[in-house]
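Chemist: The file below is query39.pdb, PDB, C-alpha atoms:
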ATOM      1  CA  MET A 896      21.021  -0.969  30.202
ATOM      2  CA  THR A 897      21.939  -1.338  26.537
ATOM      3  CA  VAL A 898      19.649   0.071  23.861
ATOM      4  CA  ARG A 899      19.976  -1.503  20.442
ATOM      5  CA  CYS A 900      19.882   0.670  17.362
ATOM      6  CA  HIS A 901      16.571   0.316  15.518
ATOM      7  CA  ALA A 902      18.478  -0.522  12.348
ATOM      8  CA  GLU A 903      19.945  -3.561  14.104
ATOM      9  CA  GLN A 904      16.658  -4.460  15.770
ATOM     10  CA  PHE A 905      14.426  -4.241  12.675
ATOM     11  CA  GLY A 906      16.967  -4.480   9.854
ATOM     12  CA  ASP A 907      15.860  -7.931   8.750
ATOM     13  CA  ARG A 908      12.185  -6.845   8.515
ATOM     14  CA  VAL A 909      12.369  -3.434   6.827
ATOM     15  CA  ASP A 910      13.840  -1.917   3.670
ATOM     16  CA  ALA A 911      15.010   1.317   5.293
ATOM     17  CA  VAL A 912      15.501   2.812   8.734
ATOM     18  CA  LEU A 913      15.607   6.536   9.442
ATOM     19  CA  THR A 914      17.565   7.369  12.557
ATOM     20  CA  ALA A 915      17.497  10.578  14.549
ATOM     21  CA  PRO A 916      20.024  10.330  17.352
ATOM     22  CA  HIS A 917      19.176  12.145  20.564
ATOM     23  CA  THR A 918      21.260  15.243  21.065
ATOM     24  CA  PRO A 919      22.094  17.129  24.263
ATOM     25  CA  THR A 920      19.595  19.830  23.241
ATOM     26  CA  GLY A 921      16.803  17.278  22.824
ATOM     27  CA  ILE A 922      15.762  18.839  19.508
ATOM     28  CA  THR A 923      15.487  15.455  17.765
ATOM     29  CA  SER A 924      12.911  14.233  20.256
ATOM     30  CA  GLU A 925      10.513  17.134  19.756
ATOM     31  CA  ALA A 926       6.899  16.307  19.035
ATOM     32  CA  LEU A 927       7.169  18.012  15.646
ATOM     33  CA  THR A 928       9.788  15.583  14.295
ATOM     34  CA  ALA A 929       7.430  12.656  13.635
ATOM     35  CA  PRO A 930       4.791  14.664  11.712
ATOM     36  CA  VAL A 931       7.459  16.372   9.616
ATOM     37  CA  VAL A 932       9.089  13.056   8.676
ATOM     38  CA  ALA A 933       5.686  11.511   7.943
ATOM     39  CA  ASP A 934       4.752  14.470   5.738
ATOM     40  CA  VAL A 935       8.014  14.227   3.801
ATOM     41  CA  LEU A 936       7.522  10.490   3.245
ATOM     42  CA  LEU A 937       3.935  10.997   2.089
ATOM     43  CA  LEU A 938       4.990  13.727  -0.312
ATOM     44  CA  ALA A 939       7.620  11.389  -1.736
ATOM     45  CA  LEU A 940       4.971   8.686  -2.209
ATOM     46  CA  THR A 941       2.757  11.079  -4.155
ATOM     47  CA  THR A 942       5.350  11.174  -6.912
ATOM     48  CA  LEU A 943       4.517   7.526  -7.627
ATOM     49  CA  ALA A 944       0.884   8.317  -8.443
ATOM     50  CA  GLU A 945       0.711  12.081  -8.842
ATOM     51  CA  THR A 946      -2.717  12.347 -10.494
ATOM     52  CA  GLY A 947      -4.401  10.166  -7.890
ATOM     53  CA  ALA A 948      -2.654  12.013  -5.065
ATOM     54  CA  VAL A 949      -3.767  15.400  -6.385
ATOM     55  CA  ASP A 950      -7.356  14.168  -6.806
ATOM     56  CA  ALA A 951      -7.371  12.751  -3.265
ATOM     57  CA  SER A 952      -5.947  16.009  -1.901
ATOM     58  CA  HIS A 953      -8.699  18.029  -3.593
ATOM     59  CA  GLN A 954     -11.354  15.654  -2.270
ATOM     60  CA  LEU A 955      -9.954  15.917   1.278
ATOM     61  CA  THR A 956      -9.956  19.704   1.010
ATOM     62  CA  LEU A 957     -13.626  19.683  -0.039
ATOM     63  CA  LEU A 958     -14.551  17.358   2.828
ATOM     64  CA  ARG A 959     -12.665  19.511   5.354
ATOM     65  CA  GLU A 960     -14.440  22.607   4.078
ATOM     66  CA  GLN A 961     -17.798  20.867   4.518
ATOM     67  CA  LEU A 962     -16.908  19.862   8.074
ATOM     68  CA  LEU A 963     -15.735  23.345   9.011
ATOM     69  CA  SER A 964     -18.477  25.409   7.370
ATOM     70  CA  PRO A 965     -21.520  26.356   9.387
ATOM     71  CA  PRO A 966     -24.758  24.623   8.443
ATOM     72  CA  LYS A 967     -26.850  26.409   5.833
ATOM     73  CA  GLY A 968     -30.187  27.771   6.944
ATOM     74  CA  GLY A 969     -29.155  30.128   9.734
ATOM     75  CA  GLY A 970     -28.492  27.783  12.607
ATOM     76  CA  ARG A 971     -30.650  25.792  15.020
ATOM     77  CA  ARG A 972     -34.362  25.677  15.017
ATOM     78  CA  GLY A 973     -36.133  25.451  18.301
TER      79      GLY A 973
END
Mind converting the file's structure to structure tokens?
Modeler:
Amino acid sequence: MTVRCHAEQFGDRVDAVLTAPHTPTGITSEALTAPVVADVLLLALTTLAETGAVDASHQLTLLREQLLSPPKGGGRRG
């Protein structure tokens, strides 16, 4: 079975391809790799619109805090 490189497979449809070859240790196939790469790419994109990215980050932080904080008023009423 021959596996084509993603760069060859998608090269005509994308501007860039990031490759992470599998190693004998398997470290490149860890579940953490994809989120780390996604985070790095998103941080790079924020440099294109820094003010908007910072505002969106603050808004997301406020929304997360609202979701995680207990309801005001002491809990359930029965």
Chemist: Rounded to one decimal place, report the atom CA of Glu960 of chain A-atom CA of Leu943 of chain A distance in Å.
Modeler: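 Separation between atom CA of Glu960 of chain A and atom CA of Leu943 of chain A: 26.9 Å.
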Chemist: Between atom CA of Phe905 of chain A and atom CA of Ala948 of chain A, what is the distance, to one decimal in Å?
Modeler: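 Going from atom CA of Phe905 of chain A over to atom CA of Ala948 of chain A, I get 29.5 Å.
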Chemist: Could you tell me how far atom CA of Pro930 of chain A sits from atom CA of Ser952 of chain A, in Å to one decimal place?
Modeler: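 A separation of 17.4 Å between them.
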